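Just below is one structure, and these are the notes that go with it.
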Amino acid sequence: MSASTLRIALVGNPNCGKTALFNLLTGGRQKVANYAGVTVERKEGRFTAPSGRVLQILDLPGAYSFDASSPDEQITRDVCAGNYPGEAPPDLIVCVADATNLRLHLRFVLEVKRLGRPVVLALNMMDTARSRGIAIDVPELSRRLGLPVVETVAVKRGGARALIERVDGEVPAAAPVQPDDAASRADLHAQVRELLASTVRMPRATAEIDDALDRWALHPVFGLAILAVVMFLVFQAVYAAGKPMSDLIGDGFGWMGGHVAALMPDGPLRSLVVDGLFGGLGTVLGFLPVILVLFFFILTLEESGYLPRAAFLLDRLMLTVGLTGRSFIPLLSSFACAIPGIMGTRSITDPRDRITTILIAPLMTCSARLPVYALLIGAFIPARKVFGLFNLQGVVLFALYLAGILGAMLVGWVMKHLRRDKSEHALLMELPSYRLPKTRDVAIGLYERGMIFLKRLTGVILGLTVLMWFLSTFPGAPAGATQPAIEYSFAGYIGRALQYVFAPIGFNWQISLALIPAFAARETAVAALATVYLVGGEAEGLGQALAGQIPLASALSLLVWFAYAPQCMSTLAIIKRETDSWRNVAISFGYMFVMAYAASFVVYQVTRALT
Amino acid sequence: MRLSELPKGAPAVVERVDDAHAADPIAQRLRDLGFVDGEPVRVVAVGPMGGDPLLIQIGFTRFALRRAEAARVSVRSEVAA
Ligand SMILES: Nc1nc2c(ncn2[C@@H]2O[C@H](COP(=O)(O)OP(=O)(O)OP(=O)(O)O)[C@@H](O)[C@H]2O)c(=O)[nH]1
Ligand SMILES: [Mg+2]
């Protein structure tokens, strides 16, 4: 690190645009979304200022106060105070404040100033402030605060120019350190009022559009109706828009595999390329559009500001099952992947609420399960219309998501009743302004997700697929074998051993075997099934092969298994990291195994009795 | 009057926040968020189930509070002032 590196920390209230500013400065792609508590860990980036000086920028979780009440706020407090392990205190604090929300944000600015470190105030969201007719006397504000103040628009190119100029110049002198006690805290509020009265003119306390939208979105009847419609439409759209594209890609790979097969000599290698790579990975890749459609909706909802409203509407319901409205957003992110969802729980203040949310987050159907669902639904559920309106396949998909949610509610309810500490839980959640999502941001978000998916595909999923192919191909059938060669392979032996456990819930040895790689990455179940069924098989596509060889009862049982099964290794690892306890990992694995086994058993036995 | 008893839409002013028990972190957080003497407040909306939580406008910000949290805030009616 050169001597002239300046270490700058971005600090401020939640949702004021710190991360947007960080991305603008460093060219980073950290997650920006319209609710409090998006960033939950420290992130580092750097850029070279016009003067040639290297600036190291630290993005921190938002905090309402240094009197931290949740794990993410503690990080910010410790970094600012220089108590964060392995990190020197920042040379300069850029305090970010939302110019449309200064009553709240200026108080924290004053609190930051009392730390006695050099501070620059960035008044962010100046675009919105201007369009709402908010007038701020910046020179006067700067004079009264005794801090340099710059205006920024973190979501516009060049929107941080003034800030860059300021931090590239001389580091401002620090204010004297001031103690923190009850009296001086009350005094901060008085100072804020004075500052507002003399430097800020607000035509209206809130945006008119927010009030108008909230009248509908938070209406006791319409609000819930809107929420239900939004959620249901997302699932129908995922199916209606994603599925045709998936089929196209899947067919394309099948066709390519066929051509490659014609070029290669017969042998085990050909089966690897044709069955494993084109058949298996191609099928998984085919689900990329479905996943992207899902992410399109998640990203749009996250940026719109609607999610905290949904959390508001559902808080009471979630309270009855031992959760909080604050769990809503982490749980919703878990539909993408449980890992960011579990990390997102850091913004939950109450440790009990946080643990419950972490333990049930894997029950939310993550996007990695979507390929498995889509494959089995496509193979076993007829594409009929129900009530002349909905596609039966879409309805089954919705039912599986619902099964996960209901299961989570049940587990939450049980945990609530097992808990000894029954003291009050707090909600205290800020509702942000509505914002129109920008096409560019959504596009970047989708690109990022797409790349993550492709990396998984060419990394862990590819590796496991080759391994599965190896296990299903070797050793070859002995001379005079009467059964298909795969029965004599390693895969055959392992699968049959697993069957002792899984036969009662209707899994044949091939399915049992596919569960193992799925524990590393859910999607691999598809590639693994492709490998075991297509190696040496005659069927055209995987869907057809499955429909021909698995009874309906087993297929339904497998769907239910995936809804509840102990979720992937990475999820268990993140539970260990976030709760620092193997006990929670064991509880999580244990309860999900029991729940999945019981549910699959019932579904299998009932379906078999009926058909 | 308690903030939890305030009718929806009625303008009021905060008097103070009372600790529900000794060193109540929720009460302290409410004070930090701007629930301090003389601050105008209003109940903007109530939750659809059992009228819980409440959506409170304080300063330029809207917060969702459960009734038990709002009950810590003592308010007086604006019209009287
Ligand atoms: N109009 C406008 N919107 C902005 C601006 N800066 C940020 N936003 C939006 O404000 C929201 C919050 O931005 P983030 O960067 O995630 O905020 P943050 O301060 O990092 O939030 P936490 O990580 O939760 O503390 C997002 O919806 C952004 O698109 C701005 O200058 N103008
Ligand atoms: Mg952030």
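Labels used: A, B, ... for chains in the order of the structure tokens, numbers from 1 for residues in each chain, and numbers from 1 for ligands as shown.
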
query = Could you list, as a list in words, every residue of chain A that has an atom within 6 Å of an atom of chain B, counting only C-alpha atoms?
reply = Asn101, Arg103, Ala205, Thr206, Pro220, Leu313, Leu427, Leu428, Met429, Glu430 and Leu431 of chain A

Neighbours of region 352-357 of chain A within 8 Å (only C-alpha atoms; same-chain residues fewer than 5 positions away dropped), as a PDB file with N, CA and C atoms, in the first residue's frame?
ATOM      1  N   GLY A 322     -44.111 -16.983  15.256  1.00  0.00           N
ATOM      2  CA  GLY A 322     -42.815 -16.793  15.897  1.00  0.00           C
ATOM      3  C   GLY A 322     -41.811 -16.034  15.068  1.00  0.00           C
ATOM      4  N   LEU A 323     -42.292 -15.244  14.093  1.00  0.00           N
ATOM      5  CA  LEU A 323     -41.367 -14.467  13.271  1.00  0.00           C
ATOM      6  C   LEU A 323     -41.672 -12.987  13.433  1.00  0.00           C
ATOM      7  N   THR A 324     -41.138 -12.186  12.533  1.00  0.00           N
ATOM      8  CA  THR A 324     -41.397 -10.760  12.549  1.00  0.00           C
ATOM      9  C   THR A 324     -41.479 -10.293  11.111  1.00  0.00           C
ATOM     10  N   SER A 327     -38.475 -10.415   9.093  1.00  0.00           N
ATOM     11  CA  SER A 327     -37.995 -11.654   8.472  1.00  0.00           C
ATOM     12  C   SER A 327     -38.420 -11.726   7.016  1.00  0.00           C
ATOM     13  N   PRO A 330     -35.483 -11.104   4.219  1.00  0.00           N
ATOM     14  CA  PRO A 330     -34.541 -12.236   4.142  1.00  0.00           C
ATOM     15  C   PRO A 330     -35.196 -13.513   3.608  1.00  0.00           C
ATOM     16  N   LEU A 331     -36.446 -13.752   4.008  1.00  0.00           N
ATOM     17  CA  LEU A 331     -37.097 -14.970   3.536  1.00  0.00           C
ATOM     18  C   LEU A 331     -37.390 -14.871   2.048  1.00  0.00           C
ATOM     19  N   ILE A 342     -29.932 -15.806   4.446  1.00  0.00           N
ATOM     20  CA  ILE A 342     -29.460 -16.023   5.817  1.00  0.00           C
ATOM     21  C   ILE A 342     -28.530 -14.884   6.240  1.00  0.00           C
ATOM     22  N   THR A 345     -30.318 -11.748   7.415  1.00  0.00           N
ATOM     23  CA  THR A 345     -30.953 -11.711   8.734  1.00  0.00           C
ATOM     24  C   THR A 345     -30.155 -10.890   9.729  1.00  0.00           C
ATOM     25  N   ARG A 346     -28.938 -10.490   9.353  1.00  0.00           N
ATOM     26  CA  ARG A 346     -28.149  -9.661  10.281  1.00  0.00           C
ATOM     27  C   ARG A 346     -28.853  -8.360  10.619  1.00  0.00           C
ATOM     28  N   GLY A 412     -41.714 -22.509  12.529  1.00  0.00           N
ATOM     29  CA  GLY A 412     -41.622 -21.281  13.313  1.00  0.00           C
ATOM     30  C   GLY A 412     -42.540 -21.337  14.524  1.00  0.00           C
ATOM     31  N   MET A 415     -41.129 -23.686  17.104  1.00  0.00           N
ATOM     32  CA  MET A 415     -39.984 -23.084  17.786  1.00  0.00           C
ATOM     33  C   MET A 415     -40.435 -22.027  18.787  1.00  0.00           C
ATOM     34  N   HIS A 425     -40.970  -8.890  21.326  1.00  0.00           N
ATOM     35  CA  HIS A 425     -40.112  -8.736  20.153  1.00  0.00           C
ATOM     36  C   HIS A 425     -40.381  -7.374  19.531  1.00  0.00           C
ATOM     37  N   THR A 579     -24.288 -18.222  12.773  1.00  0.00           N
ATOM     38  CA  THR A 579     -24.740 -18.423  14.149  1.00  0.00           C
ATOM     39  C   THR A 579     -23.606 -18.905  15.031  1.00  0.00           C
TER      40      THR A 579
END

request  = Write out as JSON, numbers by chain each polymer residue (protein, DNA or RNA) that has an atom no more than 8 Å from ligand 1, with only C-alpha atoms and all ligand atoms counted.
outcome  = {"A": [12, 13, 14, 15, 16, 17, 18, 19, 20, 21, 22, 31, 32, 33, 34, 35, 36, 37, 38, 39, 40, 59, 60, 61, 62, 63, 96, 124, 125, 126, 127, 128, 152, 153, 154, 155, 156, 159, 302, 303, 304, 305, 435, 437]}

inquiry  = What's the separation between CA of Ala527 (chain A) and CA of Asp247 (chain A), in Å to one decimal place?
reply    =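 Between CA of Ala527 (chain A) and CA of Asp247 (chain A) the gap is 15.5 Å.
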
request  = Return the single residue from A:Gly158, A:Gly344, A:Gly506, A:Gly476 that is closest to ligand 2, with distances computed using only C-alpha atoms and all ligand atoms.
outcome  = A:Gly344

message = Taking the DSSP secondary structure from the backbone, can you list the residues of chain B that are helix (DSSP H, G or I), as a list in words?
response = Leu3, Ser4, Glu5, Pro25, Ile26, Ala27, Gln28, Arg29, Leu30, Arg31, Asp32, Arg67, Ala68, Glu69 and Ala70 of chain B

Go ahead and save the picked residues with N, CA and C atoms, as a PDB file, in the first residue's frame.
ATOM      1  N   LEU B   3     -49.379   6.706  22.051  1.00  0.00           N
ATOM      2  CA  LEU B   3     -49.380   6.714  20.584  1.00  0.00           C
ATOM      3  C   LEU B   3     -50.221   5.552  20.044  1.00  0.00           C
ATOM      4  N   SER B   4     -50.242   4.442  20.803  1.00  0.00           N
ATOM      5  CA  SER B   4     -51.015   3.278  20.347  1.00  0.00           C
ATOM      6  C   SER B   4     -52.520   3.533  20.398  1.00  0.00           C
ATOM      7  N   GLU B   5     -52.935   4.578  21.149  1.00  0.00           N
ATOM      8  CA  GLU B   5     -54.368   4.879  21.253  1.00  0.00           C
ATOM      9  C   GLU B   5     -54.796   5.983  20.301  1.00  0.00           C
ATOM     10  N   PRO B  25     -33.902  -1.056  25.621  1.00  0.00           N
ATOM     11  CA  PRO B  25     -33.249  -0.667  24.367  1.00  0.00           C
ATOM     12  C   PRO B  25     -34.244  -0.173  23.315  1.00  0.00           C
ATOM     13  N   ILE B  26     -35.472  -0.703  23.358  1.00  0.00           N
ATOM     14  CA  ILE B  26     -36.464  -0.274  22.361  1.00  0.00           C
ATOM     15  C   ILE B  26     -36.807   1.195  22.584  1.00  0.00           C
ATOM     16  N   ALA B  27     -36.979   1.575  23.844  1.00  0.00           N
ATOM     17  CA  ALA B  27     -37.300   2.973  24.145  1.00  0.00           C
ATOM     18  C   ALA B  27     -36.156   3.882  23.698  1.00  0.00           C
ATOM     19  N   GLN B  28     -34.924   3.465  23.965  1.00  0.00           N
ATOM     20  CA  GLN B  28     -33.777   4.280  23.565  1.00  0.00           C
ATOM     21  C   GLN B  28     -33.733   4.428  22.048  1.00  0.00           C
ATOM     22  N   ARG B  29     -34.007   3.335  21.336  1.00  0.00           N
ATOM     23  CA  ARG B  29     -33.986   3.398  19.884  1.00  0.00           C
ATOM     24  C   ARG B  29     -35.072   4.346  19.379  1.00  0.00           C
ATOM     25  N   LEU B  30     -36.238   4.298  20.001  1.00  0.00           N
ATOM     26  CA  LEU B  30     -37.317   5.204  19.593  1.00  0.00           C
ATOM     27  C   LEU B  30     -36.884   6.662  19.757  1.00  0.00           C
ATOM     28  N   ARG B  31     -36.216   6.955  20.862  1.00  0.00           N
ATOM     29  CA  ARG B  31     -35.749   8.331  21.070  1.00  0.00           C
ATOM     30  C   ARG B  31     -34.751   8.703  19.985  1.00  0.00           C
ATOM     31  N   ASP B  32     -33.835   7.780  19.675  1.00  0.00           N
ATOM     32  CA  ASP B  32     -32.851   8.076  18.632  1.00  0.00           C
ATOM     33  C   ASP B  32     -33.518   8.315  17.282  1.00  0.00           C
ATOM     34  N   ARG B  67     -47.914  -2.329  18.338  1.00  0.00           N
ATOM     35  CA  ARG B  67     -48.648  -1.576  19.368  1.00  0.00           C
ATOM     36  C   ARG B  67     -47.862  -1.486  20.666  1.00  0.00           C
ATOM     37  N   ALA B  68     -47.183  -2.578  21.038  1.00  0.00           N
ATOM     38  CA  ALA B  68     -46.438  -2.571  22.297  1.00  0.00           C
ATOM     39  C   ALA B  68     -45.316  -1.540  22.253  1.00  0.00           C
ATOM     40  N   GLU B  69     -44.737  -1.343  21.069  1.00  0.00           N
ATOM     41  CA  GLU B  69     -43.687  -0.329  20.952  1.00  0.00           C
ATOM     42  C   GLU B  69     -44.302   1.060  21.001  1.00  0.00           C
ATOM     43  N   ALA B  70     -45.412   1.231  20.260  1.00  0.00           N
ATOM     44  CA  ALA B  70     -46.053   2.542  20.211  1.00  0.00           C
ATOM     45  C   ALA B  70     -46.579   2.946  21.586  1.00  0.00           C
TER      46      ALA B  70
END

ask   = At what distance in Å, to one decimal, does CA of Leu319 (chain A) lie from CA of Asp214 (chain A)?
value =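 It comes out at 22.3 Å.
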
query = Near Asn584 (chain A), within 8 Å and counting only C-alpha atoms, which residues show up once chain neighbours fewer than 5 positions away are dropped, as JSON, numbers by chain?
reply = {"A": [359, 575, 576, 579]}

Determine, counting only C-alpha atoms, which protein, DNA and RNA residues have an atom within 12 Å of an atom of Glu87 (chain A); residues of the same chain fewer than 6 positions away are not included. Present the result as a CSV table (one decimal) with N, CA and C atoms, in the first residue's frame.
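This went into selection.csv:
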chain,number,residue,atom,x,y,z
A,7,ARG,N,-7.8,6.2,3.4
A,7,ARG,CA,-8.8,5.2,3.7
A,7,ARG,C,-10.1,5.9,4.1
A,9,ALA,N,-14.3,5.7,4.9
A,9,ALA,CA,-15.4,4.9,5.2
A,9,ALA,C,-16.7,5.6,4.8
A,42,ARG,N,-18.8,-5.4,5.8
A,42,ARG,CA,-18.0,-4.3,5.3
A,42,ARG,C,-17.5,-4.8,3.9
A,44,GLU,N,-14.9,-3.6,0.6
A,44,GLU,CA,-13.8,-2.7,0.3
A,44,GLU,C,-13.6,-2.5,-1.2
A,58,LEU,N,-14.5,2.1,1.9
A,58,LEU,CA,-15.1,1.1,2.7
A,58,LEU,C,-16.6,1.3,2.7
A,75,ILE,N,-21.0,-3.7,13.3
A,75,ILE,CA,-19.9,-3.7,12.4
A,75,ILE,C,-19.5,-2.2,12.2
A,78,ASP,N,-18.1,-0.5,15.2
A,78,ASP,CA,-16.7,-0.9,15.5
A,78,ASP,C,-15.7,-0.4,14.5
A,79,VAL,N,-16.1,-0.4,13.2
A,79,VAL,CA,-15.1,0.2,12.2
A,79,VAL,C,-14.9,1.7,12.5
A,80,CYS,N,-16.0,2.4,12.8
A,80,CYS,CA,-15.8,3.8,13.0
A,80,CYS,C,-15.0,4.1,14.2
A,81,ALA,N,-15.2,3.3,15.2
A,81,ALA,CA,-14.5,3.6,16.5
A,81,ALA,C,-13.1,3.0,16.5

Residue neighbourhood Ala240 (chain A), 12 Å, only C-alpha atoms, exclusion window fewer than 6 positions, as a ChimeraX atom specification = /A:233-234,246-247,289-290,293-294,374,383,390-395,397

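Of the residues under consideration (A:Ser4, A:Thr524, A:Ser570, A:Ser347), A:Ser347 shows the shortest atom-to-atom contact distance to ligand 2 when counting only C-alpha atoms and all ligand atoms.
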
key: For region 45-52 of chain A: contacts at 9 Å, only C-alpha atoms, fewer than 5 positions along chain excluded, given as a VMD selection string   = chain A and resid 22 to 23 25 to 28 57 to 59 164 to 165 167 to 169

key: Within 9 Å of Val109 (chain A) using only C-alpha atoms, minus same-chain residues under 4 positions, as a VMD selection string   = chain A and resid 11 to 13 95 to 97 105 113 to 114 121

Next, the residues of the selection above should be written as a PDB file, in the first residue's frame with N, CA and C atoms.
ATOM      1  N   VAL A  11     -20.436   6.054   5.750  1.00  0.00           N
ATOM      2  CA  VAL A  11     -21.242   5.804   6.932  1.00  0.00           C
ATOM      3  C   VAL A  11     -22.546   6.581   6.796  1.00  0.00           C
ATOM      4  N   GLY A  12     -23.621   6.041   7.317  1.00  0.00           N
ATOM      5  CA  GLY A  12     -24.874   6.787   7.285  1.00  0.00           C
ATOM      6  C   GLY A  12     -26.046   5.922   7.689  1.00  0.00           C
ATOM      7  N   ASN A  13     -27.223   6.526   7.709  1.00  0.00           N
ATOM      8  CA  ASN A  13     -28.434   5.784   8.024  1.00  0.00           C
ATOM      9  C   ASN A  13     -28.677   4.715   6.962  1.00  0.00           C
ATOM     10  N   CYS A  95     -19.851  10.853   5.520  1.00  0.00           N
ATOM     11  CA  CYS A  95     -21.144  10.592   6.112  1.00  0.00           C
ATOM     12  C   CYS A  95     -22.192  10.870   5.040  1.00  0.00           C
ATOM     13  N   VAL A  96     -22.977   9.871   4.701  1.00  0.00           N
ATOM     14  CA  VAL A  96     -23.965  10.024   3.639  1.00  0.00           C
ATOM     15  C   VAL A  96     -25.334  10.252   4.277  1.00  0.00           C
ATOM     16  N   ALA A  97     -26.061  11.253   3.778  1.00  0.00           N
ATOM     17  CA  ALA A  97     -27.402  11.527   4.298  1.00  0.00           C
ATOM     18  C   ALA A  97     -28.359  11.687   3.129  1.00  0.00           C
ATOM     19  N   HIS A 105     -31.696  11.810   9.381  1.00  0.00           N
ATOM     20  CA  HIS A 105     -30.302  11.540   9.024  1.00  0.00           C
ATOM     21  C   HIS A 105     -29.309  12.535   9.625  1.00  0.00           C
ATOM     22  N   LYS A 113     -20.057  13.029  13.876  1.00  0.00           N
ATOM     23  CA  LYS A 113     -19.124  14.137  14.071  1.00  0.00           C
ATOM     24  C   LYS A 113     -18.476  14.070  15.446  1.00  0.00           C
ATOM     25  N   ARG A 114     -19.258  13.610  16.441  1.00  0.00           N
ATOM     26  CA  ARG A 114     -18.740  13.558  17.808  1.00  0.00           C
ATOM     27  C   ARG A 114     -17.608  12.554  18.003  1.00  0.00           C
ATOM     28  N   LEU A 121     -19.672  15.562   4.734  1.00  0.00           N
ATOM     29  CA  LEU A 121     -21.076  15.166   4.600  1.00  0.00           C
ATOM     30  C   LEU A 121     -21.468  15.158   3.127  1.00  0.00           C
TER      31      LEU A 121
END
